[in-house]
Structure formats: structure tokens, C-alpha cells
Amino acid sequence: MPKAVAAQNTPDAVRALIILMNTANPNIPSAQLIAQDVDSWQTVMANAIHTPEALISRLKLDPAALDAAYPGHRQFAVRVPEPYLSRIELGNLDDPLLKQILPVADEGAPAPAGYGPDPLAEAHANKAPGIVHKYKSRVLLIANGACAINCRYCFRRHFPYSDNRLGRHEWDQALEYVRANPDINEVILSGGDPLMSTDARLDTIISSIENIPHVTRLRIHTRLPIVIPQRITEALISRLETSRLAVIMVVHVNHANEIDEHVGHSLARLFKHGIHVLNQSVLLKGINDRVDALSQLSERLFEYKVLPYYLHILDRVSGAHHFEVSDAHAKSLMDELQGTLPGFLVPKLVREEAGAHSKTLIYP
Ligand SMILES: *Cc1c(COP(=O)(O)O)cnc(C)c1O
Ligand code: SF4
């Protein structure tokens, strides 16, 4: 315990020093900019808010939100690190970033037909430990079950696998599965969030995948660069840049406000080092179900060289039905978006269906 406290205290001390230096020298960039770079992503993660009380007090929200938050929190705990919180408007219960992370009373309302705990029936596609193989040429490898943030609309809310990690034997079995299937040319690190693993651990994982000759591409599905932009470390970039595999990073942003200057800088650095960066979003009622929100998101992503990839129809997971947007509204949004943006900034509207051989295209 004292050790952890000491580790957390050091960056605070450094931050105080920087603020002092800044007052003396106005030519040094803003204290906030430097302070965010001084804290390691693990420190930021360790200091994440994980109670409704802390969230409501940090964001100066109406205390009445507390009672509403508790039932949802007990099912799927609040978890939000500071960099994401810093982009939320204080006191505004309608903030599009807040709505992604604050449990509300609607989570407990009875769900319409079709909603359940495992809408994608992923249990059946679990061919080996840590492997989800549903589409011919590519497999998901669940490198880490934990996430840096708990998104209220996520199917993870029903799986208590938050810190699951493959043991050595299971890990070997997962790799053996890929090795024995020459159809697989792409491995997708997924989770949870694969970037919750340390750089050293990722190095080992990537090396093992590089040793399988028929794999040519490595994809990383992650929300961490958005939640904690410091996660894009020098070590990570240089490991990805020197891989023999083509590397694609698919990040997850739902609203333009999630991309501040730090996030943008991290994303642009990936691009600069030869990593293709794509974005997937979930279409969420009250968050991004308007043409202006979607077009601003695409424009903002492209400012930092990121291309939109998928816009997902919500998975029908119980507790998330209040985020649902009807297919008809989703298609009309896409029609308008197509008339607003260049084609390369229009994501594909898709749904994931249990048993399908790919995502199901809803638009175009
Ligand atoms: C989404 C998904 C993929 C990747 O699909 P792409 O269309 O290639 O992006 C692969 N496997 C599973 C199980 C998926 O859900
Ligand atoms: S898997 Fe993605 S959407 Fe789900 S909680 Fe983690 S970061 Fe959020």
C-alpha cells in the first residue's frame, strides 16, 4: 500500500513543480499539457473514478442523479479516467460524453423483446480459449478482458470477466489455433481492451503472432487512445512500426468532443509512424443520432488522419435499450450524411448478427 501511494505521489510532485516553473516562465507550454504527459497511463488508470459519488462531485452534477445511478452501478461499475472526464461540461446531465458513462434509471427499466445478456451468442464462437472465430480470414484474440472505461451501452456489462487474462497454457492453445488455420491472415487483438496490457506483454504477444507465417496483418481494436491518450507510448509506436505485419488500429469514438488536442496528437502520431487508424462508433440515441453530430465526428477524426470505418447499430444487450435508434431513423441519417460529406468520411452502417459470416451491411 505505501508503495502504491508513493508511486502516485511522485507525478503530483512533478506536476506542482511544473506549475511553479510555468508561473516563472510564460514560454513553457501550458501546465495542463505537460502534466498530462508526465503521468504515466498506468497512474492515470489507477486514479480513475469508480463510484457514482465521485463522478457526480467531480462533474458538479445534480445530486439527485446519485439514486438513479446506483442500481446500474451495482451491475456494471462506473469507471472513468480523468482525461475523458476533463472533456465533459460541468453540471450538464445532457453532455454526450457523460451519457456514455453515467448509469441512469433507464438501465433498470424492463427491456423490450430481443434484448438479453449475450445478444451476439459469442459463447458459441469460442473455438479455443481467448479466440473468437466467426469470420473466415480473421480471428479475434481476447488479449485482455479489462477496459479503461466502462461504457453503459456495452455488452461487457453482463460478463464479470473484467480482469481475465489467459494463462500460459491457454495462450499456447490460442496461438496453436491460429497456426493450424492457414485461412487466417489477420489477427485482431480485442478485449476488453488489448492496450490494457503493458508494452512488454504486447511485445511478447506480437512476436508470437509474427512467428505464424500465414498471418500478414495485425489489427488492434481499442478505446484506450481516446480515454487515456498517454497510452500511445514511444515504446508501443516503435514496436508497431517495426513489425513485419501490416498494423491497423481501430479506435472507438462516438462524439467529436471525445477528441481533444491530446487525443488528436496521439492519433496523428500513429499515422505518422505508418499505422493505419480507423474509427468505429455506436449509433446512440441522445448522443450522436443527428446528422450534425455524425458529420462533425467524421471531420474531427480526419483532422487527425483517422478514417471512419463502421457505425454500429446498438447490440441488443439488456440495460442499454434506452440508447436504441430505429433502423429507419439510422438509414435516413446515413442518407443525409452521404449528402453532406465526401464518400470517404461516411462510415458503413452495420449490425452484428449472431451466426452471420460478416457484419451485416444496413447502409449503403
Ligand atoms: C467485427 C468482427 C471482426 C472484424 O470484422 P471486419 O468486418 O473485418 O472489421 C472479426 N471477428 C469478429 C468475431 C467480429 O465481431
Ligand atoms: S469494450 Fe469498448 S465499448 Fe465496451 S466497455 Fe470496453 S471500451 Fe467501452
# chains A, B, ... in the order shown; residues from 1 in each chain; ligands from 1
$ residues_around --residues "Val227 in chain A" --least-positions-apart "2" --cutoff "9 Å" --atoms "only C-alpha atoms" --output "list of chain:residue names"
A:Val80, A:Pro81, A:Glu82, A:Pro83, A:Tyr84, A:Leu85, A:Ala148, A:Ile149, A:Arg223, A:Leu224, A:Pro225, A:Pro229, A:Arg231, A:Glu258, A:Val263
$ write_last_selection --atoms "N, CA, C and O atoms" --output "tab-separated table (two decimals), in the first residue's frame"
chain	number	residue	atom	x	y	z
A	80	VAL	N	-14.16	5.67	-14.99
A	80	VAL	CA	-13.79	6.74	-15.93
A	80	VAL	C	-12.49	7.40	-15.50
A	80	VAL	O	-12.40	7.96	-14.41
A	81	PRO	N	-11.48	7.38	-16.33
A	81	PRO	CA	-10.25	8.11	-16.02
A	81	PRO	C	-10.37	9.62	-16.31
A	81	PRO	O	-11.21	10.04	-17.11
A	82	GLU	N	-9.52	10.37	-15.66
A	82	GLU	CA	-9.60	11.83	-15.70
A	82	GLU	C	-9.54	12.45	-17.11
A	82	GLU	O	-10.29	13.40	-17.40
A	83	PRO	N	-8.67	11.99	-18.02
A	83	PRO	CA	-8.62	12.68	-19.31
A	83	PRO	C	-9.98	12.70	-20.02
A	83	PRO	O	-10.33	13.70	-20.65
A	84	TYR	N	-10.74	11.64	-19.90
A	84	TYR	CA	-12.07	11.60	-20.51
A	84	TYR	C	-13.01	12.56	-19.76
A	84	TYR	O	-13.76	13.33	-20.37
A	85	LEU	N	-12.93	12.56	-18.42
A	85	LEU	CA	-13.77	13.44	-17.61
A	85	LEU	C	-13.53	14.91	-17.95
A	85	LEU	O	-14.46	15.72	-17.94
A	148	ALA	N	-10.42	0.44	-19.87
A	148	ALA	CA	-10.06	1.64	-19.12
A	148	ALA	C	-11.29	2.43	-18.70
A	148	ALA	O	-11.24	3.27	-17.81
A	149	ILE	N	-12.40	2.15	-19.38
A	149	ILE	CA	-13.63	2.91	-19.14
A	149	ILE	C	-14.78	1.92	-19.25
A	149	ILE	O	-14.67	0.93	-19.98
A	223	ARG	N	-10.10	1.35	-27.30
A	223	ARG	CA	-10.64	2.68	-26.98
A	223	ARG	C	-9.63	3.47	-26.14
A	223	ARG	O	-9.82	4.64	-25.85
A	224	LEU	N	-8.56	2.81	-25.74
A	224	LEU	CA	-7.62	3.47	-24.82
A	224	LEU	C	-6.99	4.76	-25.33
A	224	LEU	O	-6.85	5.71	-24.56
A	225	PRO	N	-6.61	4.85	-26.61
A	225	PRO	CA	-6.01	6.11	-27.06
A	225	PRO	C	-6.97	7.29	-26.93
A	225	PRO	O	-6.54	8.44	-26.88
A	229	PRO	N	-4.92	9.26	-23.70
A	229	PRO	CA	-4.04	9.39	-24.88
A	229	PRO	C	-2.58	9.08	-24.59
A	229	PRO	O	-1.85	8.68	-25.50
A	231	ARG	N	-1.50	6.55	-23.46
A	231	ARG	CA	-1.26	5.12	-23.70
A	231	ARG	C	-0.45	4.89	-24.98
A	231	ARG	O	0.21	3.86	-25.13
A	258	GLU	N	-14.98	13.89	-27.86
A	258	GLU	CA	-14.02	12.95	-27.26
A	258	GLU	C	-12.60	13.19	-27.75
A	258	GLU	O	-11.64	12.68	-27.17
A	263	VAL	N	-5.67	13.75	-27.53
A	263	VAL	CA	-6.10	12.56	-28.26
A	263	VAL	C	-5.70	12.70	-29.73
A	263	VAL	O	-5.11	11.79	-30.33
$ closest_atom_pairs --of "chain A" --to "ligand 2" --cutoff "8 Å" --atoms "only C-alpha atoms and all ligand atoms" --output "Markdown table"
| residue | atom | partner | partner_atom_place_in_ligand_line | distance |
| --- | --- | --- | --- | --- |
| A:Ala146 | CA | ligand 2 | 6 (Fe) | 7.2 |
| A:Cys147 | CA | ligand 2 | 6 (Fe) | 4.6 |
| A:Ala148 | CA | ligand 2 | 7 (S) | 6.7 |
| A:Ile149 | CA | ligand 2 | 7 (S) | 5.7 |
| A:Asn150 | CA | ligand 2 | 5 (S) | 4.2 |
| A:Cys151 | CA | ligand 2 | 8 (Fe) | 4.2 |
| A:Arg152 | CA | ligand 2 | 5 (S) | 7.2 |
| A:Tyr153 | CA | ligand 2 | 3 (S) | 7.0 |
| A:Cys154 | CA | ligand 2 | 4 (Fe) | 4.4 |
| A:Phe155 | CA | ligand 2 | 4 (Fe) | 6.5 |
| A:Arg156 | CA | ligand 2 | 4 (Fe) | 5.7 |
| A:Arg157 | CA | ligand 2 | 5 (S) | 7.5 |
| A:Gly191 | CA | ligand 2 | 1 (S) | 6.2 |
| A:Gly192 | CA | ligand 2 | 1 (S) | 4.6 |
| A:Asp193 | CA | ligand 2 | 6 (Fe) | 6.0 |
| A:Thr222 | CA | ligand 2 | 7 (S) | 6.9 |
| A:Arg223 | CA | ligand 2 | 7 (S) | 5.1 |
| A:Leu224 | CA | ligand 2 | 7 (S) | 7.3 |
| A:His252 | CA | ligand 2 | 2 (Fe) | 7.2 |
$ closest_atom_pairs --of "chain A" --to "ligand 1" --cutoff "8 Å" --atoms "only C-alpha atoms and all ligand atoms" --output "JSON lines"
{"residue": "A:Glu122", "atom": "CA", "partner": "ligand 1", "partner_atom_place_in_ligand_line": "13 (C)", "distance": 7.8}
{"residue": "A:Ala125", "atom": "CA", "partner": "ligand 1", "partner_atom_place_in_ligand_line": "13 (C)", "distance": 7.7}
{"residue": "A:Val132", "atom": "CA", "partner": "ligand 1", "partner_atom_place_in_ligand_line": "13 (C)", "distance": 5.4}
{"residue": "A:His133", "atom": "CA", "partner": "ligand 1", "partner_atom_place_in_ligand_line": "13 (C)", "distance": 5.6}
{"residue": "A:Lys134", "atom": "CA", "partner": "ligand 1", "partner_atom_place_in_ligand_line": "13 (C)", "distance": 4.8}
{"residue": "A:Tyr135", "atom": "CA", "partner": "ligand 1", "partner_atom_place_in_ligand_line": "11 (N)", "distance": 5.4}
{"residue": "A:Arg138", "atom": "CA", "partner": "ligand 1", "partner_atom_place_in_ligand_line": "10 (C)", "distance": 5.7}
{"residue": "A:Val139", "atom": "CA", "partner": "ligand 1", "partner_atom_place_in_ligand_line": "11 (N)", "distance": 5.3}
{"residue": "A:Leu140", "atom": "CA", "partner": "ligand 1", "partner_atom_place_in_ligand_line": "11 (N)", "distance": 5.3}
{"residue": "A:Ile188", "atom": "CA", "partner": "ligand 1", "partner_atom_place_in_ligand_line": "10 (C)", "distance": 7.1}
{"residue": "A:Tyr310", "atom": "CA", "partner": "ligand 1", "partner_atom_place_in_ligand_line": "9 (O)", "distance": 8.0}
{"residue": "A:Glu352", "atom": "CA", "partner": "ligand 1", "partner_atom_place_in_ligand_line": "15 (O)", "distance": 7.0}
{"residue": "A:Ser358", "atom": "CA", "partner": "ligand 1", "partner_atom_place_in_ligand_line": "7 (O)", "distance": 6.0}
{"residue": "A:Lys359", "atom": "CA", "partner": "ligand 1", "partner_atom_place_in_ligand_line": "7 (O)", "distance": 5.7}
$ closest_residue --among "A:Arg269, A:Leu97, A:Glu336, A:Ser238" --to "Val253 in chain A" --atoms "only C-alpha atoms"
A:Leu97
$ closest_residue --among "A:His221, A:His158, A:Arg74, A:Arg79" --to "Pro117 in chain A" --atoms "only C-alpha atoms"
A:His158
$ closest_residue --among "A:Ala174, A:Ala328, A:Ala54, A:Leu270" --to "Pro129 in chain A" --atoms "only C-alpha atoms"
A:Ala174
$ atom_distance --atom1 "CA of Leu141 in chain A" --atom2 "CA of Ile228 in chain A"
22.2 Å
$ closest_residue --among "A:Asp327, A:Asp172, A:Glu299, A:Glu234" --to "Asn257 in chain A" --atoms "only C-alpha atoms"
A:Glu299
$ residues_around --residues "Lys136 in chain A" --least-positions-apart "4" --cutoff "9 Å" --atoms "only C-alpha atoms" --output "list in words"
Asp183, Ile184, His357 and Ser358 of chain A
$ write_last_selection --atoms "N, CA, C and O atoms" --output "PDB file, in the first residue's frame"
ATOM      1  N   ASP A 183      -6.241 -20.307 -43.285  1.00  0.00           N
ATOM      2  CA  ASP A 183      -7.175 -19.304 -43.807  1.00  0.00           C
ATOM      3  C   ASP A 183      -7.057 -17.968 -43.073  1.00  0.00           C
ATOM      4  O   ASP A 183      -7.499 -16.944 -43.569  1.00  0.00           O
ATOM      5  N   ILE A 184      -6.510 -18.027 -41.874  1.00  0.00           N
ATOM      6  CA  ILE A 184      -6.452 -16.808 -41.064  1.00  0.00           C
ATOM      7  C   ILE A 184      -5.236 -15.975 -41.458  1.00  0.00           C
ATOM      8  O   ILE A 184      -4.104 -16.396 -41.262  1.00  0.00           O
ATOM      9  N   HIS A 357     -21.736 -14.480 -41.386  1.00  0.00           N
ATOM     10  CA  HIS A 357     -20.324 -14.679 -41.740  1.00  0.00           C
ATOM     11  C   HIS A 357     -19.550 -13.371 -41.829  1.00  0.00           C
ATOM     12  O   HIS A 357     -18.367 -13.339 -42.146  1.00  0.00           O
ATOM     13  N   SER A 358     -20.234 -12.262 -41.594  1.00  0.00           N
ATOM     14  CA  SER A 358     -19.580 -10.950 -41.552  1.00  0.00           C
ATOM     15  C   SER A 358     -20.555 -10.004 -40.862  1.00  0.00           C
ATOM     16  O   SER A 358     -21.671 -10.408 -40.530  1.00  0.00           O
TER      17      SER A 358
END
$ select_by_dssp --residues "range 217-299 of chain A" --states "alpha helix (DSSP H)" --output "ChimeraX atom specification"
/A:224-227,234-241,261-272,291-299
$ atom_distance --atom1 "CA of Asp289 in chain A" --atom2 "CA of Ser332 in chain A"
10.6 Å
